[in-house]
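Next up, data36.cif (mmCIF, C-alpha atoms):
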data_coords
#
loop_
_atom_site.label_atom_id
_atom_site.label_comp_id
_atom_site.auth_asym_id
_atom_site.auth_seq_id
_atom_site.Cartn_x
_atom_site.Cartn_y
_atom_site.Cartn_z
CA GLN A 158 17.09 7.06 3.97
CA LYS A 159 13.77 5.67 2.71
CA GLU A 160 13.33 7.25 -0.66
CA VAL A 161 11.76 5.62 -3.67
CA GLU A 162 11.29 7.46 -6.95
CA GLN A 163 8.52 6.59 -9.37
CA ASP A 164 7.25 8.57 -12.35
CA PRO A 165 3.59 9.42 -11.64
CA GLY A 166 2.59 9.49 -15.31
CA PRO A 167 0.02 9.28 -16.66
CA LEU A 168 1.44 6.74 -19.08
CA SER A 169 -0.90 6.13 -22.01
CA VAL A 170 -0.31 3.26 -24.45
CA PRO A 171 -2.43 1.45 -27.07
CA GLU A 172 -3.94 -1.93 -26.32
CA GLY A 173 -1.52 -4.79 -27.02
CA ALA A 174 1.60 -2.74 -26.36
CA ILE A 175 4.36 -3.76 -23.97
CA VAL A 176 4.37 -1.54 -20.90
CA SER A 177 7.45 -0.78 -18.83
CA LEU A 178 7.05 0.68 -15.34
CA ASN A 179 10.06 1.59 -13.24
CA CYS A 180 11.24 2.66 -9.80
CA THR A 181 14.61 3.77 -8.53
CA TYR A 182 15.70 3.78 -4.93
CA SER A 183 18.59 4.99 -2.85
CA ASN A 184 18.65 2.62 0.15
CA SER A 185 21.03 -0.23 -0.62
CA ALA A 186 19.56 -2.22 2.28
CA PHE A 187 16.33 -2.91 0.39
CA GLN A 188 16.08 -6.61 -0.47
CA TYR A 189 12.36 -7.27 -0.85
CA PHE A 190 10.59 -5.73 -3.84
CA MET A 191 6.91 -5.71 -4.68
CA TRP A 192 4.52 -4.32 -7.25
CA TYR A 193 0.95 -3.49 -6.32
CA ARG A 194 -1.92 -2.59 -8.66
CA GLN A 195 -4.52 -0.13 -7.42
CA TYR A 196 -7.76 0.63 -9.20
CA SER A 197 -9.37 4.00 -8.52
CA ARG A 198 -10.60 4.30 -4.93
CA LYS A 199 -9.77 0.66 -4.15
CA GLY A 200 -7.11 -0.97 -2.03
CA PRO A 201 -3.83 -2.04 -3.65
CA GLU A 202 -3.47 -5.71 -4.59
CA LEU A 203 -0.15 -7.51 -4.69
CA LEU A 204 0.92 -8.35 -8.25
CA MET A 205 4.53 -9.42 -8.01
CA TYR A 206 7.04 -10.11 -5.27
CA THR A 207 10.79 -10.53 -5.72
CA TYR A 208 13.58 -11.13 -3.27
CA SER A 209 17.01 -9.64 -4.09
CA SER A 210 18.07 -9.37 -7.74
CA GLY A 211 16.72 -11.22 -10.73
CA ASN A 212 13.60 -11.73 -12.78
CA LYS A 213 10.22 -13.19 -11.98
CA GLU A 214 7.48 -13.95 -14.49
CA ASP A 215 3.78 -14.50 -13.87
CA GLY A 216 1.61 -14.69 -16.96
CA ARG A 217 1.79 -11.37 -18.79
CA PHE A 218 3.76 -9.73 -15.97
CA THR A 219 7.53 -9.77 -15.47
CA ALA A 220 9.32 -8.13 -12.54
CA GLN A 221 13.01 -7.31 -12.73
CA VAL A 222 15.33 -6.17 -9.97
CA ASP A 223 18.80 -4.72 -10.57
CA LYS A 224 20.27 -4.07 -7.14
CA SER A 225 23.57 -2.82 -8.55
CA SER A 226 21.71 0.01 -10.27
CA LYS A 227 19.05 0.32 -7.54
CA TYR A 228 16.40 -0.05 -10.24
CA ILE A 229 13.31 -2.21 -10.48
CA SER A 230 10.92 -2.71 -13.38
CA LEU A 231 7.54 -4.22 -14.12
CA PHE A 232 6.78 -5.27 -17.69
CA ILE A 233 3.26 -5.95 -18.93
CA ARG A 234 2.94 -7.83 -22.22
CA ASP A 235 -0.13 -7.72 -24.46
CA SER A 236 -1.59 -4.91 -22.38
CA GLN A 237 -5.37 -4.82 -21.93
CA PRO A 238 -7.76 -1.98 -21.03
CA SER A 239 -8.35 -3.81 -17.74
CA ASP A 240 -4.70 -3.17 -16.90
CA SER A 241 -5.51 0.54 -16.61
CA ALA A 242 -4.74 1.37 -12.98
CA THR A 243 -2.12 2.91 -10.74
CA TYR A 244 0.93 0.71 -10.17
CA LEU A 245 2.82 1.14 -6.91
CA CYS A 246 6.28 -0.21 -6.29
CA ALA A 247 7.18 -1.10 -2.71
CA MET A 248 10.31 -2.31 -1.02
CA SER A 249 11.75 -3.14 2.37
CA ALA A 250 15.01 -4.12 3.98
CA GLY A 251 13.55 -6.87 6.11
CA PRO A 252 11.02 -9.62 5.51
CA GLY A 253 8.43 -8.04 7.74
CA GLY A 254 6.98 -5.77 5.12
CA GLY A 255 4.97 -3.13 6.92
CA ALA A 256 6.57 -3.71 10.31
CA ASP A 257 10.05 -3.42 8.82
CA GLY A 258 9.27 -0.22 7.02
CA LEU A 259 7.72 -1.00 3.67
CA THR A 260 8.44 2.04 1.51
CA PHE A 261 6.06 2.77 -1.36
CA GLY A 262 6.63 4.74 -4.53
CA LYS A 263 4.02 7.37 -5.36
CA GLY A 264 2.56 5.21 -8.11
CA THR A 265 2.38 5.41 -11.91
CA HIS A 266 -1.03 5.96 -13.45
CA LEU A 267 -1.32 3.68 -16.50
CA ILE A 268 -3.95 4.07 -19.22
CA ILE A 269 -4.42 1.39 -21.89
CA GLN A 270 -6.28 2.80 -24.87
CA PRO A 271 -8.68 0.35 -26.59
CA ASP B 26 -15.27 -15.10 1.63
CA GLY B 27 -12.10 -14.20 3.49
CA GLY B 28 -10.92 -10.64 3.38
CA ILE B 29 -10.47 -7.26 4.98
CA THR B 30 -13.53 -5.06 5.44
CA GLN B 31 -13.22 -1.34 5.95
CA SER B 32 -16.15 0.86 6.86
CA PRO B 33 -17.53 3.29 6.13
CA LYS B 34 -16.46 3.84 2.52
CA TYR B 35 -16.91 7.61 2.92
CA LEU B 36 -16.71 9.61 6.15
CA PHE B 37 -17.03 13.30 6.92
CA ARG B 38 -15.53 15.00 9.95
CA LYS B 39 -16.48 18.31 11.49
CA GLU B 40 -13.97 20.62 13.14
CA GLY B 41 -12.95 19.38 16.58
CA GLN B 42 -14.56 16.01 16.10
CA ASN B 43 -12.99 12.57 16.60
CA VAL B 44 -13.98 9.92 14.08
CA THR B 45 -13.28 6.18 14.03
CA LEU B 46 -12.56 4.08 10.96
CA SER B 47 -13.34 0.40 11.20
CA CYS B 48 -11.13 -2.44 9.93
CA GLU B 49 -12.10 -6.10 10.33
CA GLN B 50 -10.36 -9.15 8.89
CA ASN B 51 -11.38 -12.80 8.84
CA LEU B 52 -8.10 -14.07 7.39
CA ASN B 53 -6.70 -15.05 10.79
CA HIS B 54 -3.77 -12.72 10.15
CA ASP B 55 -1.59 -11.71 13.08
CA ALA B 56 -0.36 -8.33 11.86
CA MET B 57 -2.49 -5.35 10.86
CA TYR B 58 -1.62 -1.89 9.54
CA TRP B 59 -3.08 1.52 8.83
CA TYR B 60 -1.79 3.59 5.92
CA ARG B 61 -2.69 7.04 4.71
CA GLN B 62 -2.73 7.85 0.98
CA ASP B 63 -2.81 11.42 -0.31
CA PRO B 64 -3.19 12.30 -4.01
CA GLY B 65 0.14 11.92 -5.80
CA GLN B 66 1.76 10.53 -2.66
CA GLY B 67 2.94 7.10 -1.68
CA LEU B 68 1.36 5.20 1.17
CA ARG B 69 2.52 6.36 4.59
CA LEU B 70 2.35 4.15 7.67
CA ILE B 71 0.29 5.47 10.58
CA TYR B 72 0.22 2.56 13.06
CA TYR B 73 0.78 -1.17 13.03
CA SER B 74 0.06 -4.09 15.33
CA GLN B 75 1.85 -7.42 15.25
CA ILE B 76 -0.18 -9.10 17.99
CA VAL B 77 -3.29 -8.47 20.04
CA ASN B 78 -3.00 -5.77 22.71
CA ASP B 79 0.19 -4.40 21.18
CA PHE B 80 0.74 -1.71 18.55
CA GLN B 81 3.52 0.56 17.34
CA LYS B 82 3.64 4.05 15.86
CA GLY B 83 4.49 4.40 12.22
CA ASP B 84 5.92 7.39 10.40
CA ILE B 85 2.92 9.72 10.84
CA ALA B 86 1.15 8.67 14.07
CA GLU B 87 0.52 12.17 15.45
CA GLY B 88 -3.19 12.93 15.66
CA TYR B 89 -4.21 9.28 15.39
CA SER B 90 -4.90 6.49 17.87
CA VAL B 91 -5.59 2.76 17.55
CA SER B 92 -6.55 -0.26 19.62
CA ARG B 93 -6.12 -4.00 19.07
CA GLU B 94 -8.39 -5.73 21.55
CA LYS B 95 -9.24 -8.57 19.16
CA LYS B 96 -7.18 -10.28 16.48
CA GLU B 97 -9.82 -9.52 13.88
CA SER B 98 -10.22 -5.81 14.55
CA PHE B 99 -7.93 -2.79 14.33
CA PRO B 100 -9.93 0.47 14.47
CA LEU B 101 -8.28 3.82 13.76
CA THR B 102 -9.44 7.02 15.47
CA VAL B 103 -8.64 10.30 13.78
CA THR B 104 -8.56 12.83 16.59
CA SER B 105 -9.15 16.58 16.52
CA ALA B 106 -5.38 16.96 16.87
CA GLN B 107 -4.97 15.80 13.28
CA LYS B 108 -5.27 19.13 11.48
CA ASN B 109 -5.17 17.78 7.94
CA PRO B 110 -7.20 14.57 8.03
CA THR B 111 -8.56 14.58 4.48
CA ALA B 112 -7.09 11.49 2.83
CA PHE B 113 -7.77 7.92 1.69
CA TYR B 114 -7.14 5.51 4.57
CA LEU B 115 -6.12 1.93 3.93
CA CYS B 116 -6.07 -0.97 6.36
CA ALA B 117 -3.84 -3.95 5.62
CA SER B 118 -2.92 -7.28 7.17
CA GLN B 119 -0.21 -9.93 7.00
CA THR B 120 -0.28 -13.60 7.93
CA THR B 121 2.60 -12.97 10.34
CA ALA B 122 4.81 -9.97 11.03
CA THR B 123 7.66 -11.63 9.12
CA ASN B 124 5.73 -12.16 5.92
CA GLU B 125 6.28 -9.29 3.53
CA LYS B 126 3.01 -9.68 1.60
CA LEU B 127 0.34 -7.22 2.62
CA PHE B 128 -3.36 -7.62 1.86
CA PHE B 129 -5.36 -4.40 1.72
CA GLY B 130 -8.95 -3.45 2.42
CA SER B 131 -10.95 -1.28 0.00
CA GLY B 132 -10.26 1.95 1.89
CA THR B 133 -12.14 4.80 3.57
CA GLN B 134 -12.19 8.31 2.14
CA LEU B 135 -12.23 10.84 4.97
CA SER B 136 -13.11 14.45 4.24
CA VAL B 137 -13.48 17.53 6.41
CA LEU B 138 -16.78 19.44 6.35
#
Any chance you could put this one into structure tokens?
Amino acid sequence: QKEVEQDPGPLSVPEGAIVSLNCTYSNSAFQYFMWYRQYSRKGPELLMYTYSSGNKEDGRFTAQVDKSSKYISLFIRDSQPSDSATYLCAMSAGPGGGADGLTFGKGTHLIIQP
Amino acid sequence: DGGITQSPKYLFRKEGQNVTLSCEQNLNHDAMYWYRQDPGQGLRLIYYSQIVNDFQKGDIAEGYSVSREKKESFPLTVTSAQKNPTAFYLCASQTTATNEKLFFGSGTQLSVL
């Protein structure tokens, strides 16, 4: 089963707010978790990558993985209008990404209001 | 600058016509992929190639064909057998097939006339 659930939004928040984006999944074999940011009519760009459970921080972005709950999150602190985009979660069971069946969520459309 | 170049940015297909989407990378990546993105849908894998002269079907390969004659190039042909081709097509690459990080091109929007 390769199902990933992600709320499509849109999620609209004021500038400076903390944003929480989430995905749930059903396949307990998933071990590699990623967040991609996609601006309108552009290709996705990799924001965060996490292996197994735990937290990872990179600047204003924090990725969390809770494998026991099959739940992953992306937090954005001090949100900026330039953060307005669609955020896609992605996950796979093996390290091969696309070749090992990288499964994407449908994406959450985020709007940061100036 | 290193990257993945997709062309054209916009493409129109007539009924019964085959069209080819170009994908070129100068990152020296081994693996390349084609994904289809429909509004409100996640990315779905069409075809992938881990090495030159070899490629594998993804989840939705019917109506599509690919070739991988050079490491840098992975063109996708949308054939007349694909009855619902309107979508945003994304090409991606990886350093090796065992590296989970994908790098994407800027996409091609294909529409039916």
Would you tabulate, counting only C-alpha atoms, all residues of chain B that have an atom at most 9 Å from an atom of segment 203-214 of chain A, showing the closest pair of atoms and their distance in Å to one decimal, sorted by chain then ascending number, as a Markdown table?
| residue | atom | partner | partner_atom | distance |
| --- | --- | --- | --- | --- |
| B:Glu125 | CA | A:Tyr206 | CA | 8.9 |
| B:Lys126 | CA | A:Leu203 | CA | 7.4 |
| B:Leu127 | CA | A:Leu203 | CA | 7.3 |
| B:Phe128 | CA | A:Leu203 | CA | 7.3 |
| B:Phe129 | CA | A:Leu203 | CA | 8.8 |
At most 9 Å is the cut-off: for each residue in chain B with any atom that close to an atom of chain A, write down the nearest atom pair and the distance in Å rounded to one decimal, counting all atoms listed in the file, chain first then increasing number, as CSV.
residue,atom,partner,partner_atom,distance
B:Ala56,CA,A:Ala256,CA,8.5
B:Met57,CA,A:Gly255,CA,8.7
B:Tyr58,CA,A:Gly255,CA,7.2
B:Pro64,CA,A:Lys263,CA,8.8
B:Gly65,CA,A:Lys263,CA,6.0
B:Gln66,CA,A:Lys263,CA,4.7
B:Gly67,CA,A:Lys263,CA,3.8
B:Leu68,CA,A:Phe261,CA,5.9
B:Arg69,CA,A:Phe261,CA,7.8
B:Leu70,CA,A:Gly255,CA,7.8
B:Tyr73,CA,A:Ala256,CA,6.9
B:Ser74,CA,A:Ala256,CA,8.2
B:Gln75,CA,A:Ala256,CA,7.8
B:Gln81,CA,A:Ala256,CA,8.8
B:Gly83,CA,A:Gly258,CA,8.4
B:Asp84,CA,A:Gly258,CA,9.0
B:Phe113,CA,A:Arg198,CA,8.1
B:Leu115,CA,A:Gly200,CA,6.7
B:Cys116,CA,A:Gly200,CA,8.5
B:Ala117,CA,A:Gly200,CA,8.8
B:Ser118,CA,A:Gly255,CA,8.9
B:Gln119,CA,A:Gly254,CA,8.5
B:Thr121,CA,A:Gly253,CA,8.1
B:Ala122,CA,A:Gly253,CA,5.3
B:Thr123,CA,A:Gly253,CA,3.9
B:Asn124,CA,A:Gly253,CA,5.3
B:Glu125,CA,A:Gly254,CA,3.9
B:Lys126,CA,A:Gly254,CA,6.6
B:Leu127,CA,A:Gly254,CA,7.2
B:Phe128,CA,A:Glu202,CA,6.7
B:Phe129,CA,A:Gly200,CA,5.4
B:Gly130,CA,A:Gly200,CA,5.4
B:Ser131,CA,A:Gly200,CA,4.4
B:Gly132,CA,A:Gly200,CA,5.8
B:Thr133,CA,A:Arg198,CA,8.7
B:Gln134,CA,A:Arg198,CA,8.3
I'd like the contact shell of segment 175-185 of chain A - 7 Å cut-off, all atoms listed in the file, skipping same-chain residues fewer than 3 positions apart - returned as a PDB file with C-alpha atoms, in the coordinates of the input.
ATOM      1  CA  GLN A 158      17.090   7.060   3.970  1.00  0.00           C
ATOM      2  CA  LYS A 159      13.770   5.670   2.710  1.00  0.00           C
ATOM      3  CA  GLU A 160      13.330   7.250  -0.660  1.00  0.00           C
ATOM      4  CA  VAL A 161      11.760   5.620  -3.670  1.00  0.00           C
ATOM      5  CA  GLU A 162      11.290   7.460  -6.950  1.00  0.00           C
ATOM      6  CA  GLN A 163       8.520   6.590  -9.370  1.00  0.00           C
ATOM      7  CA  LYS A 227      19.050   0.320  -7.540  1.00  0.00           C
ATOM      8  CA  TYR A 228      16.400  -0.050 -10.240  1.00  0.00           C
ATOM      9  CA  ILE A 229      13.310  -2.210 -10.480  1.00  0.00           C
ATOM     10  CA  SER A 230      10.920  -2.710 -13.380  1.00  0.00           C
ATOM     11  CA  LEU A 231       7.540  -4.220 -14.120  1.00  0.00           C
ATOM     12  CA  PHE A 232       6.780  -5.270 -17.690  1.00  0.00           C
ATOM     13  CA  ILE A 233       3.260  -5.950 -18.930  1.00  0.00           C
ATOM     14  CA  ARG A 234       2.940  -7.830 -22.220  1.00  0.00           C
ATOM     15  CA  ASP A 235      -0.130  -7.720 -24.460  1.00  0.00           C
ATOM     16  CA  SER A 236      -1.590  -4.910 -22.380  1.00  0.00           C
ATOM     17  CA  CYS A 246       6.280  -0.210  -6.290  1.00  0.00           C
TER      18      CYS A 246
END
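The interatomic distance for the pair atom CA of Pro167 of chain A and atom CA of Ile269 of chain A works out to 10.5 Å.
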Could you please determine the separation between atom CA of Trp59 of chain B and atom CA of Asp240 of chain A in Å, to one decimal place?
26.2 Å
Give me, please, the distance in Å between atom CA of Ile71 of chain B and atom CA of Glu87 of chain B, quoted to one decimal.
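Distance between the two atoms: 8.3 Å.
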Near-segment 95-101 of chain B list (12 Å; only C-alpha atoms; drop same-chain fewer than 3 positions) as a ChimeraX atom specification:
/B:27-33,43-61,71-80,86,88-92,104,114-121,130,133,135
Fewer than 2 positions away in the same chain doesn't count, so skip those; otherwise give me all residues within 9 Å of Pro271 of chain A, counting all atoms listed in the file, as a CSV table (one decimal) with C-alpha atoms, keeping the file's coordinate frame.
chain,number,residue,atom,x,y,z
A,171,PRO,CA,-2.4,1.4,-27.1
A,172,GLU,CA,-3.9,-1.9,-26.3
A,173,GLY,CA,-1.5,-4.8,-27.0
A,237,GLN,CA,-5.4,-4.8,-21.9
A,238,PRO,CA,-7.8,-2.0,-21.0
A,269,ILE,CA,-4.4,1.4,-21.9
Can you pull out every residue within 6 Å of Ala250 of chain A, counting all atoms listed in the file, but drop anything in the same chain fewer than 2 positions away, and send it as a list in words?
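Once the nearby chain positions are removed, what remains is Ala186, Phe187 and Gln188 of chain A.
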Let me make sure I understand: among B:Lys82, B:Arg93, B:Lys108, B:Arg38, which one has the smallest atom-to-atom distance to Ser136 of chain B if we use all atoms listed in the file?
B:Arg38
